[in-house]
$ cat query_20.tsv   # TSV, N, CA and C atoms
chain	number	residue	atom	x	y	z
A	1	MET	N	-10.50	21.18	38.65
A	1	MET	CA	-10.55	22.51	39.23
A	1	MET	C	-9.58	23.48	38.56
A	2	ARG	N	-8.72	23.02	37.73
A	2	ARG	CA	-7.74	23.90	37.13
A	2	ARG	C	-8.38	24.91	36.17
A	3	ALA	N	-9.40	24.53	35.49
A	3	ALA	CA	-10.01	25.45	34.52
A	3	ALA	C	-10.52	26.73	35.18
A	4	PRO	N	-11.30	26.67	36.27
A	4	PRO	CA	-11.74	27.92	36.91
A	4	PRO	C	-10.57	28.77	37.41
A	5	GLN	N	-9.53	28.11	37.92
A	5	GLN	CA	-8.37	28.86	38.40
A	5	GLN	C	-7.67	29.56	37.25
A	6	ALA	N	-7.57	28.89	36.12
A	6	ALA	CA	-6.94	29.51	34.94
A	6	ALA	C	-7.75	30.71	34.48
A	7	LEU	N	-9.06	30.58	34.50
A	7	LEU	CA	-9.92	31.70	34.12
A	7	LEU	C	-9.74	32.87	35.07
A	8	CYS	N	-9.62	32.60	36.33
A	8	CYS	CA	-9.43	33.67	37.31
A	8	CYS	C	-8.12	34.41	37.08
A	9	ARG	N	-7.10	33.70	36.70
A	9	ARG	CA	-5.81	34.36	36.46
A	9	ARG	C	-5.89	35.27	35.24
A	10	ARG	N	-6.73	34.93	34.28
A	10	ARG	CA	-6.86	35.74	33.07
A	10	ARG	C	-7.92	36.83	33.21
A	11	ALA	N	-8.66	36.80	34.28
A	11	ALA	CA	-9.76	37.75	34.46
A	11	ALA	C	-9.23	39.16	34.61
A	12	THR	N	-9.95	40.09	34.03
A	12	THR	CA	-9.64	41.51	34.19
A	12	THR	C	-10.93	42.24	34.52
A	13	SER	N	-10.80	43.37	35.14
A	13	SER	CA	-12.00	44.15	35.48
A	13	SER	C	-12.27	45.18	34.40
A	14	ARG	N	-13.47	45.68	34.38
A	14	ARG	CA	-13.88	46.75	33.47
A	14	ARG	C	-14.61	47.80	34.30
A	15	THR	N	-14.44	49.03	33.93
A	15	THR	CA	-15.22	50.11	34.51
A	15	THR	C	-16.39	50.35	33.57
A	16	VAL	N	-17.59	50.42	34.11
A	16	VAL	CA	-18.78	50.65	33.30
A	16	VAL	C	-19.36	52.01	33.67
A	17	TYR	N	-19.48	52.88	32.68
A	17	TYR	CA	-20.11	54.18	32.91
A	17	TYR	C	-21.59	54.03	32.58
A	18	LEU	N	-22.39	54.12	33.62
A	18	LEU	CA	-23.85	54.01	33.49
A	18	LEU	C	-24.44	55.39	33.77
A	19	PRO	N	-24.89	56.08	32.74
A	19	PRO	CA	-25.36	57.45	32.94
A	19	PRO	C	-26.71	57.51	33.65
A	20	ALA	N	-26.93	58.63	34.30
A	20	ALA	CA	-28.21	58.87	34.97
A	20	ALA	C	-29.32	58.99	33.92
A	21	GLU	N	-30.43	58.40	34.20
A	21	GLU	CA	-31.57	58.43	33.27
A	21	GLU	C	-32.03	59.86	33.01
A	22	ALA	N	-31.96	60.71	33.99
A	22	ALA	CA	-32.46	62.09	33.86
A	22	ALA	C	-31.71	62.90	32.82
A	23	ARG	N	-30.47	62.53	32.51
A	23	ARG	CA	-29.70	63.31	31.54
A	23	ARG	C	-30.37	63.33	30.18
A	24	TYR	N	-31.21	62.36	29.89
A	24	TYR	CA	-31.88	62.28	28.60
A	24	TYR	C	-33.24	62.97	28.60
A	25	HIS	N	-33.69	63.43	29.77
A	25	HIS	CA	-35.01	64.04	29.86
A	25	HIS	C	-34.99	65.44	30.42
A	26	GLU	N	-33.98	65.77	31.18
A	26	GLU	CA	-33.92	67.06	31.86
A	26	GLU	C	-32.89	67.95	31.15
A	27	GLU	N	-33.35	68.70	30.19
A	27	GLU	CA	-32.46	69.56	29.39
A	27	GLU	C	-31.64	70.51	30.26
A	28	LYS	N	-32.25	71.03	31.32
A	28	LYS	CA	-31.56	72.02	32.15
A	28	LYS	C	-30.37	71.44	32.90
A	29	TYR	N	-30.31	70.11	33.06
A	29	TYR	CA	-29.19	69.48	33.75
A	29	TYR	C	-28.19	68.81	32.81
A	30	ARG	N	-28.47	68.84	31.53
A	30	ARG	CA	-27.65	68.10	30.57
A	30	ARG	C	-26.18	68.51	30.62
A	31	ARG	N	-25.92	69.81	30.76
A	31	ARG	CA	-24.53	70.28	30.84
A	31	ARG	C	-23.83	69.70	32.07
A	32	GLU	N	-24.52	69.68	33.19
A	32	GLU	CA	-23.93	69.13	34.41
A	32	GLU	C	-23.64	67.64	34.27
A	33	TYR	N	-24.57	66.92	33.67
A	33	TYR	CA	-24.34	65.49	33.46
A	33	TYR	C	-23.16	65.25	32.53
A	34	GLU	N	-23.05	66.07	31.49
A	34	GLU	CA	-21.93	65.91	30.57
A	34	GLU	C	-20.61	66.28	31.24
A	35	TRP	N	-20.61	67.29	32.09
A	35	TRP	CA	-19.41	67.65	32.84
A	35	TRP	C	-18.99	66.48	33.74
A	36	ALA	N	-19.95	65.90	34.44
A	36	ALA	CA	-19.65	64.77	35.34
A	36	ALA	C	-19.12	63.58	34.53
A	37	ARG	N	-19.70	63.33	33.38
A	37	ARG	CA	-19.23	62.22	32.53
A	37	ARG	C	-17.79	62.46	32.10
A	38	ARG	N	-17.48	63.67	31.66
A	38	ARG	CA	-16.10	63.97	31.25
A	38	ARG	C	-15.12	63.78	32.41
A	39	GLN	N	-15.54	64.16	33.61
A	39	GLN	CA	-14.68	63.98	34.79
A	39	GLN	C	-14.40	62.50	35.03
A	40	VAL	N	-15.45	61.70	34.99
A	40	VAL	CA	-15.30	60.26	35.21
A	40	VAL	C	-14.41	59.65	34.12
A	41	LEU	N	-14.68	59.98	32.86
A	41	LEU	CA	-13.89	59.41	31.77
A	41	LEU	C	-12.43	59.83	31.86
A	42	SER	N	-12.18	61.05	32.30
A	42	SER	CA	-10.80	61.52	32.46
A	42	SER	C	-10.06	60.72	33.53
A	43	ILE	N	-10.72	60.48	34.64
A	43	ILE	CA	-10.11	59.69	35.72
A	43	ILE	C	-9.84	58.27	35.25
A	44	VAL	N	-10.81	57.68	34.58
A	44	VAL	CA	-10.66	56.30	34.08
A	44	VAL	C	-9.49	56.23	33.09
A	45	GLU	N	-9.39	57.23	32.23
A	45	GLU	CA	-8.30	57.26	31.26
A	45	GLU	C	-6.95	57.44	31.96
A	46	ASP	N	-6.89	58.36	32.92
A	46	ASP	CA	-5.64	58.58	33.67
A	46	ASP	C	-5.17	57.31	34.37
A	47	LEU	N	-6.12	56.54	34.87
A	47	LEU	CA	-5.79	55.30	35.57
A	47	LEU	C	-5.59	54.12	34.61
A	48	GLN	N	-5.83	54.38	33.32
A	48	GLN	CA	-5.69	53.37	32.27
A	48	GLN	C	-6.56	52.14	32.53
A	49	LEU	N	-7.79	52.41	32.94
A	49	LEU	CA	-8.74	51.33	33.20
A	49	LEU	C	-9.56	51.06	31.95
A	50	PRO	N	-9.82	49.81	31.64
A	50	PRO	CA	-10.71	49.50	30.51
A	50	PRO	C	-12.12	50.03	30.81
A	51	LEU	N	-12.75	50.61	29.81
A	51	LEU	CA	-14.04	51.27	30.02
A	51	LEU	C	-15.09	50.76	29.06
A	52	ILE	N	-16.28	50.57	29.58
A	52	ILE	CA	-17.47	50.35	28.76
A	52	ILE	C	-18.37	51.54	29.04
A	53	ASP	N	-18.54	52.40	28.04
A	53	ASP	CA	-19.32	53.64	28.19
A	53	ASP	C	-20.72	53.41	27.63
A	54	LEU	N	-21.70	53.30	28.50
A	54	LEU	CA	-23.07	53.02	28.06
A	54	LEU	C	-23.82	54.27	27.59
A	55	HIS	N	-23.23	55.44	27.79
A	55	HIS	CA	-23.91	56.66	27.33
A	55	HIS	C	-24.10	56.64	25.81
A	56	LEU	N	-23.07	56.21	25.08
A	56	LEU	CA	-23.15	56.27	23.62
A	56	LEU	C	-24.29	55.42	23.05
A	57	PRO	N	-24.39	54.13	23.40
A	57	PRO	CA	-25.50	53.36	22.83
A	57	PRO	C	-26.87	53.83	23.33
A	58	ILE	N	-26.95	54.30	24.56
A	58	ILE	CA	-28.23	54.80	25.05
A	58	ILE	C	-28.63	56.07	24.30
A	59	SER	N	-27.69	56.99	24.15
A	59	SER	CA	-28.00	58.27	23.50
A	59	SER	C	-28.34	58.10	22.03
A	60	ARG	N	-27.86	57.03	21.41
A	60	ARG	CA	-28.13	56.78	19.99
A	60	ARG	C	-29.42	56.01	19.75
A	61	HIS	N	-30.02	55.52	20.81
A	61	HIS	CA	-31.25	54.73	20.67
A	61	HIS	C	-32.37	55.63	20.16
A	62	PRO	N	-33.17	55.16	19.20
A	62	PRO	CA	-34.22	56.01	18.62
A	62	PRO	C	-35.37	56.33	19.58
A	63	ASP	N	-35.54	55.54	20.65
A	63	ASP	CA	-36.63	55.78	21.59
A	63	ASP	C	-36.11	55.58	23.02
A	64	ILE	N	-35.38	56.57	23.51
A	64	ILE	CA	-34.74	56.46	24.83
A	64	ILE	C	-35.73	56.14	25.95
A	65	PRO	N	-36.91	56.77	26.00
A	65	PRO	CA	-37.85	56.42	27.09
A	65	PRO	C	-38.22	54.93	27.12
A	66	GLU	N	-38.16	54.26	25.96
A	66	GLU	CA	-38.45	52.83	25.91
A	66	GLU	C	-37.44	52.01	26.72
A	67	LEU	N	-36.26	52.58	26.95
A	67	LEU	CA	-35.20	51.85	27.65
A	67	LEU	C	-35.41	51.81	29.17
A	68	TYR	N	-36.34	52.59	29.67
A	68	TYR	CA	-36.56	52.71	31.12
A	68	TYR	C	-37.96	52.25	31.48
A	69	ALA	N	-38.06	51.58	32.63
A	69	ALA	CA	-39.36	51.10	33.10
A	69	ALA	C	-40.28	52.28	33.43
A	70	HIS	N	-39.69	53.34	33.99
A	70	HIS	CA	-40.42	54.58	34.27
A	70	HIS	C	-39.40	55.66	34.53
A	71	ARG	N	-39.83	56.91	34.46
A	71	ARG	CA	-38.91	58.04	34.68
A	71	ARG	C	-38.25	57.91	36.03
A	72	GLY	N	-36.93	58.06	36.05
A	72	GLY	CA	-36.19	57.97	37.30
A	72	GLY	C	-36.01	56.55	37.79
A	73	GLY	N	-36.42	55.59	36.96
A	73	GLY	CA	-36.40	54.21	37.42
A	73	GLY	C	-35.34	53.37	36.76
A	74	HIS	N	-35.53	52.09	36.90
A	74	HIS	CA	-34.60	51.10	36.38
A	74	HIS	C	-34.83	50.90	34.89
A	75	PHE	N	-33.93	50.16	34.28
A	75	PHE	CA	-34.10	49.84	32.87
A	75	PHE	C	-35.30	48.93	32.67
A	76	SER	N	-35.91	49.07	31.52
A	76	SER	CA	-36.97	48.17	31.07
A	76	SER	C	-36.29	46.94	30.47
A	77	PRO	N	-37.07	45.93	30.07
A	77	PRO	CA	-36.44	44.79	29.38
A	77	PRO	C	-35.63	45.24	28.15
A	78	ALA	N	-36.13	46.23	27.41
A	78	ALA	CA	-35.38	46.72	26.24
A	78	ALA	C	-34.07	47.39	26.68
A	79	GLY	N	-34.11	48.13	27.76
A	79	GLY	CA	-32.90	48.77	28.28
A	79	GLY	C	-31.88	47.76	28.78
A	80	ASN	N	-32.37	46.76	29.50
A	80	ASN	CA	-31.47	45.70	29.97
A	80	ASN	C	-30.84	44.95	28.80
A	81	ARG	N	-31.62	44.74	27.76
A	81	ARG	CA	-31.09	44.06	26.57
A	81	ARG	C	-29.98	44.90	25.93
A	82	LEU	N	-30.21	46.21	25.79
A	82	LEU	CA	-29.20	47.09	25.21
A	82	LEU	C	-27.92	47.09	26.04
A	83	VAL	N	-28.06	47.19	27.35
A	83	VAL	CA	-26.89	47.17	28.24
A	83	VAL	C	-26.15	45.84	28.10
A	84	ALA	N	-26.87	44.73	28.14
A	84	ALA	CA	-26.24	43.41	28.05
A	84	ALA	C	-25.53	43.24	26.71
A	85	GLU	N	-26.19	43.60	25.62
A	85	GLU	CA	-25.58	43.46	24.29
A	85	GLU	C	-24.33	44.33	24.16
A	86	THR	N	-24.39	45.54	24.69
A	86	THR	CA	-23.24	46.45	24.62
A	86	THR	C	-22.07	45.89	25.42
A	87	MET	N	-22.36	45.39	26.61
A	87	MET	CA	-21.28	44.86	27.45
A	87	MET	C	-20.69	43.58	26.85
A	88	ILE	N	-21.52	42.71	26.33
A	88	ILE	CA	-21.03	41.48	25.71
A	88	ILE	C	-20.14	41.82	24.51
A	89	GLU	N	-20.59	42.74	23.69
A	89	GLU	CA	-19.80	43.15	22.52
A	89	GLU	C	-18.45	43.73	22.95
A	90	ALA	N	-18.46	44.59	23.97
A	90	ALA	CA	-17.22	45.18	24.45
A	90	ALA	C	-16.28	44.13	25.02
A	91	LEU	N	-16.82	43.19	25.76
A	91	LEU	CA	-15.98	42.14	26.35
A	91	LEU	C	-15.41	41.22	25.27
A	92	ARG	N	-16.22	40.90	24.29
A	92	ARG	CA	-15.73	40.05	23.19
A	92	ARG	C	-14.64	40.75	22.40
A	93	SER	N	-14.84	42.02	22.10
A	93	SER	CA	-13.84	42.73	21.30
A	93	SER	C	-12.54	42.93	22.09
A	94	SER	N	-12.63	43.05	23.40
A	94	SER	CA	-11.41	43.23	24.19
A	94	SER	C	-10.62	41.94	24.33
A	95	THR	N	-11.30	40.80	24.26
A	95	THR	CA	-10.58	39.53	24.39
A	95	THR	C	-9.99	39.09	23.04
A	96	SER	N	-10.48	39.67	21.94
A	96	SER	CA	-9.96	39.29	20.64
A	96	SER	C	-8.76	40.13	20.22
A	97	GLN	N	-8.39	41.11	21.03
A	97	GLN	CA	-7.27	41.99	20.67
A	97	GLN	C	-5.95	41.39	21.02

$ encode --input "query_20.tsv" --output "structure tokens"
Amino acid sequence: MRAPQALCRRATSRTVYLPAEARYHEEKYRREYEWARRQVLSIVEDLQLPLIDLHLPISRHPDIPELYAHRGGHFSPAGNRLVAETMIEALRSSTSQ
């Protein structure tokens, strides 16, 4: 039982910024979504919390609608894959520092 306890002592939390799907489709709200994102990131930085920002990989994807099952909905399998890969990469890089 010592191994799980040791892992728990080393465990750290991460804040994950998961942007609203509409920010990529509703041009008229894009400024508001970006303002809200900056507010969240500022608070996270002030609190010195580790952050995984999913906006960047989502916004860089060549086919953003492919990442969602439907407008206003959950991620599609491709979206879930992108989120999982991004989070795994971030967690691996943070543990290697």

$ atom_distance --input "query_20.tsv" --atom1 "CA of Arg92 in chain A" --atom2 "CA of Ile64 in chain A"
25.2 Å

$ atom_distance --input "query_20.tsv" --atom1 "CA of Ile43 in chain A" --atom2 "CA of Arg71 in chain A"
28.9 Å

$ residues_around --input "query_20.tsv" --residues "Pro19 in chain A" --least-positions-apart "2" --cutoff "6.5 Å" --atoms "all atoms listed in the file" --output "ChimeraX atom specification"
/A:17,21-23,54-55

$ closest_residue --input "query_20.tsv" --among "A:Tyr33, A:Glu45, A:Gln39, A:Leu91" --to "Ala20 in chain A" --atoms "all atoms listed in the file"
A:Tyr33

$ closest_residue --input "query_20.tsv" --among "A:Trp35, A:Arg14, A:Ile58, A:Tyr24" --to "Val83 in chain A" --atoms "only N, CA and C atoms"
A:Ile58

$ atom_distance --input "query_20.tsv" --atom1 "atom N of Asn80 in chain A" --atom2 "atom C of Val44 in chain A"
25.0 Å

$ select_by_dssp --input "query_20.tsv" --residues "range 16-89 of chain A" --states "alpha helix (DSSP H)" --output "compact mmCIF listing (two decimals) with N, CA and C atoms, in the frame of the given file"
# COMPACT_ATOMS: atom_id res chain seq x y z
N ARG A 30 -28.47 68.84 31.53
CA ARG A 30 -27.65 68.10 30.57
C ARG A 30 -26.18 68.51 30.62
N ARG A 31 -25.92 69.81 30.76
CA ARG A 31 -24.53 70.28 30.84
C ARG A 31 -23.83 69.70 32.07
N GLU A 32 -24.52 69.68 33.19
CA GLU A 32 -23.93 69.13 34.41
C GLU A 32 -23.64 67.64 34.27
N TYR A 33 -24.57 66.92 33.67
CA TYR A 33 -24.34 65.49 33.46
C TYR A 33 -23.16 65.25 32.53
N GLU A 34 -23.05 66.07 31.49
CA GLU A 34 -21.93 65.91 30.57
C GLU A 34 -20.61 66.28 31.24
N TRP A 35 -20.61 67.29 32.09
CA TRP A 35 -19.41 67.65 32.84
C TRP A 35 -18.99 66.48 33.74
N ALA A 36 -19.95 65.90 34.44
CA ALA A 36 -19.65 64.77 35.34
C ALA A 36 -19.12 63.58 34.53
N ARG A 37 -19.70 63.33 33.38
CA ARG A 37 -19.23 62.22 32.53
C ARG A 37 -17.79 62.46 32.10
N ARG A 38 -17.48 63.67 31.66
CA ARG A 38 -16.10 63.97 31.25
C ARG A 38 -15.12 63.78 32.41
N GLN A 39 -15.54 64.16 33.61
CA GLN A 39 -14.68 63.98 34.79
C GLN A 39 -14.40 62.50 35.03
N VAL A 40 -15.45 61.70 34.99
CA VAL A 40 -15.30 60.26 35.21
C VAL A 40 -14.41 59.65 34.12
N LEU A 41 -14.68 59.98 32.86
CA LEU A 41 -13.89 59.41 31.77
C LEU A 41 -12.43 59.83 31.86
N SER A 42 -12.18 61.05 32.30
CA SER A 42 -10.80 61.52 32.46
C SER A 42 -10.06 60.72 33.53
N ILE A 43 -10.72 60.48 34.64
CA ILE A 43 -10.11 59.69 35.72
C ILE A 43 -9.84 58.27 35.25
N VAL A 44 -10.81 57.68 34.58
CA VAL A 44 -10.66 56.30 34.08
C VAL A 44 -9.49 56.23 33.09
N GLU A 45 -9.39 57.23 32.23
CA GLU A 45 -8.30 57.26 31.26
C GLU A 45 -6.95 57.44 31.96
N ASP A 46 -6.89 58.36 32.92
CA ASP A 46 -5.64 58.58 33.67
C ASP A 46 -5.17 57.31 34.37
N HIS A 55 -23.23 55.44 27.79
CA HIS A 55 -23.91 56.66 27.33
C HIS A 55 -24.10 56.64 25.81
N LEU A 56 -23.07 56.21 25.08
CA LEU A 56 -23.15 56.27 23.62
C LEU A 56 -24.29 55.42 23.05
N PRO A 57 -24.39 54.13 23.40
CA PRO A 57 -25.50 53.36 22.83
C PRO A 57 -26.87 53.83 23.33
N ILE A 58 -26.95 54.30 24.56
CA ILE A 58 -28.23 54.80 25.05
C ILE A 58 -28.63 56.07 24.30
N SER A 59 -27.69 56.99 24.15
CA SER A 59 -28.00 58.27 23.50
C SER A 59 -28.34 58.10 22.03
N ARG A 60 -27.86 57.03 21.41
CA ARG A 60 -28.13 56.78 19.99
C ARG A 60 -29.42 56.01 19.75
N PRO A 77 -37.07 45.93 30.07
CA PRO A 77 -36.44 44.79 29.38
C PRO A 77 -35.63 45.24 28.15
N ALA A 78 -36.13 46.23 27.41
CA ALA A 78 -35.38 46.72 26.24
C ALA A 78 -34.07 47.39 26.68
N GLY A 79 -34.11 48.13 27.76
CA GLY A 79 -32.90 48.77 28.28
C GLY A 79 -31.88 47.76 28.78
N ASN A 80 -32.37 46.76 29.50
CA ASN A 80 -31.47 45.70 29.97
C ASN A 80 -30.84 44.95 28.80
N ARG A 81 -31.62 44.74 27.76
CA ARG A 81 -31.09 44.06 26.57
C ARG A 81 -29.98 44.90 25.93
N LEU A 82 -30.21 46.21 25.79
CA LEU A 82 -29.20 47.09 25.21
C LEU A 82 -27.92 47.09 26.04
N VAL A 83 -28.06 47.19 27.35
CA VAL A 83 -26.89 47.17 28.24
C VAL A 83 -26.15 45.84 28.10
N ALA A 84 -26.87 44.73 28.14
CA ALA A 84 -26.24 43.41 28.05
C ALA A 84 -25.53 43.24 26.71
N GLU A 85 -26.19 43.60 25.62
CA GLU A 85 -25.58 43.46 24.29
C GLU A 85 -24.33 44.33 24.16
N THR A 86 -24.39 45.54 24.69
CA THR A 86 -23.24 46.45 24.62
C THR A 86 -22.07 45.89 25.42
N MET A 87 -22.36 45.39 26.61
CA MET A 87 -21.28 44.86 27.45
C MET A 87 -20.69 43.58 26.85
N ILE A 88 -21.52 42.71 26.33
CA ILE A 88 -21.03 41.48 25.71
C ILE A 88 -20.14 41.82 24.51
N GLU A 89 -20.59 42.74 23.69
CA GLU A 89 -19.80 43.15 22.52
C GLU A 89 -18.45 43.73 22.95

$ closest_residue --input "query_20.tsv" --among "A:Pro50, A:Arg38, A:Arg31, A:Leu82" --to "Thr95 in chain A" --atoms "only C-alpha atoms"
A:Pro50

$ closest_residue --input "query_20.tsv" --among "A:Leu67, A:Leu41, A:Leu49, A:Leu18" --to "Gly79 in chain A" --atoms "all atoms listed in the file"
A:Leu67

$ closest_residue --input "query_20.tsv" --among "A:Gln48, A:Asp53, A:Lys28, A:Ser42" --to "Val16 in chain A" --atoms "all atoms listed in the file"
A:Asp53
